[in-house]
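Comments concern the structure below.
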There are 4 protein chains.
Amino acid sequence: MTSPPDKTLRQKLYIILFEAETVKGKVFDVILLVLILASVLVVCLESVPELHVRYLPLFRLLEWAFTVIFTIEYFLRIYSTPRPLKYVFSFFGLVDLMSIFPTYLSLVLVGSQYLLVVRVLRLLRIGRIFKLTRFINEGQVLSRAMRASATKILVFLGVVLTVVVIVGSLMYIIEGAESGFTSIPVSIYWTIVTLTTVGYGDIAPVTPLGQVLASFVMVMGYGIIAVPTGIVSVELARSDKKIATTRTCPNCHQEGHITDANYCYNCGYKLQQ
Amino acid sequence: MTSPPDKTLRQKLYIILFEAETVKGKVFDVILLVLILASVLVVCLESVPELHVRYLPLFRLLEWAFTVIFTIEYFLRIYSTPRPLKYVFSFFGLVDLMSIFPTYLSLVLVGSQYLLVVRVLRLLRIGRIFKLTRFINEGQVLSRAMRASATKILVFLGVVLTVVVIVGSLMYIIEGAESGFTSIPVSIYWTIVTLTTVGYGDIAPVTPLGQVLASFVMVMGYGIIAVPTGIVSVELARSDKKIATTRTCPNCHQEGHITDANYCYNCGYKLQQ
Amino acid sequence: MTSPPDKTLRQKLYIILFEAETVKGKVFDVILLVLILASVLVVCLESVPELHVRYLPLFRLLEWAFTVIFTIEYFLRIYSTPRPLKYVFSFFGLVDLMSIFPTYLSLVLVGSQYLLVVRVLRLLRIGRIFKLTRFINEGQVLSRAMRASATKILVFLGVVLTVVVIVGSLMYIIEGAESGFTSIPVSIYWTIVTLTTVGYGDIAPVTPLGQVLASFVMVMGYGIIAVPTGIVSVELARSDKKIATTRTCPNCHQEGHITDANYCYNCGYKLQQ
Amino acid sequence: MTSPPDKTLRQKLYIILFEAETVKGKVFDVILLVLILASVLVVCLESVPELHVRYLPLFRLLEWAFTVIFTIEYFLRIYSTPRPLKYVFSFFGLVDLMSIFPTYLSLVLVGSQYLLVVRVLRLLRIGRIFKLTRFINEGQVLSRAMRASATKILVFLGVVLTVVVIVGSLMYIIEGAESGFTSIPVSIYWTIVTLTTVGYGDIAPVTPLGQVLASFVMVMGYGIIAVPTGIVSVELARSDKKIATTRTCPNCHQEGHITDANYCYNCGYKLQQ
């Protein structure tokens, strides 16, 4: 067991690092957000060829500065939390580690090809931003509605993908390699581009029959886009209704009564209006 | 009448092949799904020119292996079902037949052109995946909502197609062959591409008047896309509500109880589960 | 006053031409629909350069055949209706006239340029298809919901168009003529193409600042597309509810009672459940 | 203190300039709208190269005419309002100033580069059109619904932007500079273009892996577009319901009466209008 003053420091650190209710905790979170956004911006700008050549030393300096700050923060988090292992293997613990690891890795493994791979891992640093949503209540409503409608949307996507494979193959037969439909996978890619109404135009049907089938796919996609929207709308309306009724039964503490309820639906106790 | 042991074997086969409630039935369905996905993948990859040249013998071998397995499965289904003819002429019976027929057909009819047509029929093999949705309850809610809103969407599509023909002809007059609007059918194709917000860009208006009309079409399409979405949302909300609120309180006849309800929220009477 | 037998013929004609409740009326409407679709198809196919050269005499013959049939129909309609003037100046009366007029006009005014203008008027012939929707109940639900939400959508489109003009001008300043943004009207056209997520790609931002503004416009358009959809959904849900309650008060004959109603909201009379 | 007749003139002016209930006020607003639209049209047309060369003197004349009219209007507004400072620093006060300032600025600061910047400020003149929406009730319903759902949409956009940065970086690694993905910012731009289903096609994936990731992004965007739509639909339905159902029966306290109701639909009690 550690001495009481030390324990108090750890607890203080814990409140600053992991919570956002106190003034210090809020200040820390805002500074952290600015640092993360700045570090992501540096990674993005470094990839621009003109800037890469001109400001490389500056980018490297900033990158190391951010990495050192985030490393100190990472170890302070491990030090302050009562259950270090649980933090290290939690989602945000792994994201925190991944957002400092690539810079150190770039020291050991030298070589342009490897550095490219390192860069993309570096980008995961922005996962920290997710932390912000922890504190926003609305985020929970959204994620609950999306999780509730996930099954319906997956079934729907399954049907859509089946249609996509059949249509893609038909277009491969009809259009052929001259129009850019060089293989069934490429045709499937085209079908997805068309059905989702993205429509790059890098591949486009040229034959009349191909254009008729394409038109059919587009009109179908037009009607189909309604389905996930409808699913999420209904789910949001429902989860929204649930929130409007966080009234708790004074007898059995059951929540989720609808707004008109006079009696608890679980134990039959009379509710106050 | 057949002997009891034989009958038992047929019944056992029937349960494995047609049902998914038993462990054996589930295992069979998962293996079948993997085989179907693998066979579709082989057809897709075979169409890629580079892979076609290099791995043609392997592709042929795999194709015949899948065909033999699916043929055995097809005849076992006919053998095990109590009403073979009903199965053969059912939707999935025909899909099952079409997913083995093309490979045998490619033996008799040799020629690259015919083989191309054969490939697309082969692709219908993935229709088997639909079987999965049979067991997913959500799929039924979706399809019920879509069937209920089908009439409204068809009326809506009829009006949209009328607009498309008129706008397409107007664009043909305004833009003419130089901008790519070579005929009314091509202009109609362009209008569908634009109204559905796909926008390939292979054909695009060049004249100011054409761009004004195109802008009008796009803004119209923007407002119009709302209609099928609204239709499906309302239909989904209704079919969803039907599932949740059919129970009626035997005391006060109040409806709208949530699925978990034990007591009427209006009068407090105990509800039957 | 005309003689009774003649009157009967006119009445019979009226029922066949204007109504669709009798067998003869239904047969006539189906034949008319087929003729209209065929005549539109002929106009469309005539515009295809290859077909135009090869089958010109056939197209002309068919065009005249359709025109003669529709002319006879037009005059029979005028003859059979009790109020000819009201028919002639009604929406469908004018559409009927416009669907025969262009062919006769092409006799007097010879010249390729004029003929092109004639063709587009000919296309309005398909306006007849609208007649079908008269008999479909769903069409009325849709059009009522769209009319009810028209004001909201117009207000919304007004705001969107204001944004479009400002963004279009900004893009003109930022990108300039080299990227294809040759004038503010062209930039406004590009903004509409982008905001409605059509995205031809004939004009696309090249400068970093232009791409940032374009990204902003796209994400905005992404959020904005929700608004008309929401409006129509709510309106459809409401008009849907209204239909479910065509119950009429036996006292004051007021309609539109909500499903839970016990008493007439207009006169307070007790309603039957 | 000013003399009574002068005060009356100021009050009259105030009613004409700031209100639209009187006939004079309505006439003034319509004239103002026409002038604003005309002045915006002049700015737009001036930017078209061909028109710029030919009609430059006319455009300048019209520009100065509009500026003088709007300047007089601006000072009359300041004169007539009881609290001039509040008007000057209000949103529309600033918009009014900005819609006359650029023309005067173009006198002092001569130079093509500066003039370009001046033009875009000039365009903000159309901000005046917003005034129209002040009087349209529907606009308030829309803006209330949008403000209520703003937090949810911002959270949603935050998550989307995080995904966009990660996907953009992945595409930069996978595709590289040869396919047009020259830097991470450009890749992020491409991801936004794809996720919002705009799809210009100026940058498009070429490698199979890039096309697979792109397909994934598109299908994701397809499911994701549902979320803001759902949010706004629910919000609109709620704000819509609020307007219709605030009246409560004084006898049984039942809510949910439609706007035309004279009697409570539940107990038949006469409602106050």
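Identifiers in this document derive from the order of the structure tokens: chains are assigned A, B, ..., residues are numbered from 1 separately in each chain, and ligands are numbered from 1 in order of occurrence.
Here is the contact set of chain B against chain D, at 8 Å and counting only C-alpha atoms: Thr197, Val198, Gly199, Tyr200 and Gly201 of chain B.
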Selection from above, N, CA, C and O atoms, as a tab-separated table (two decimals), in the first residue's frame, can you write it?
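Below you can see part26.tsv, which holds the result:
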chain	number	residue	atom	x	y	z
B	197	THR	N	-29.13	11.57	-59.33
B	197	THR	CA	-27.91	12.15	-58.76
B	197	THR	C	-26.69	11.24	-58.91
B	197	THR	O	-25.74	11.34	-58.13
B	198	VAL	N	-26.71	10.35	-59.92
B	198	VAL	CA	-25.53	9.52	-60.18
B	198	VAL	C	-24.45	10.39	-60.84
B	198	VAL	O	-23.34	10.50	-60.35
B	199	GLY	N	-24.80	11.02	-61.97
B	199	GLY	CA	-23.91	11.99	-62.60
B	199	GLY	C	-22.57	11.45	-63.04
B	199	GLY	O	-21.55	11.81	-62.48
B	200	TYR	N	-22.55	10.59	-64.09
B	200	TYR	CA	-21.26	10.07	-64.57
B	200	TYR	C	-20.38	11.19	-65.12
B	200	TYR	O	-19.19	11.22	-64.87
B	201	GLY	N	-20.98	12.07	-65.93
B	201	GLY	CA	-20.18	13.11	-66.56
B	201	GLY	C	-19.72	12.69	-67.95
B	201	GLY	O	-19.01	13.45	-68.60
*Would you mind listing what lies within 12 Å of Thr81 (chain A) as a PyMOL selection string, with only C-alpha atoms counted and same-chain residues fewer than 3 positions away left out?*
chain A and resi 7+9-19+74-78+84-88+93
*Can you list every residue in region 173-236 of chain D that DSSP puts in alpha helix (DSSP H), as a count of residues only?*
43
*One decimal, Å: what's the distance from CA of Phe216 (chain D) over to CA of Phe59 (chain B), could you say?*
26.8 Å
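Taking CA of Lys152 (chain B) as the reference point, CA of Ser39 (chain C) is found at 26.8 Å.
Straight-line separation from CA of Ile31 (chain B) to CA of Ser169 (chain A): 24.3 Å.
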_Thr207 (chain D) surroundings by only C-alpha atoms, 9 Å radius, close-in-sequence under 5 positions cut, as a PyMOL selection string_ = chain D and resi 174-175+179+212
*Give me the residues within 12 Å of Leu35 (chain A) as number ranges by chain, counting only C-alpha atoms and dropping any in the same chain fewer than 2 places off.*
A: 28-33, 37-42, 62-63, 65-70, 73, 125-126, 128-129
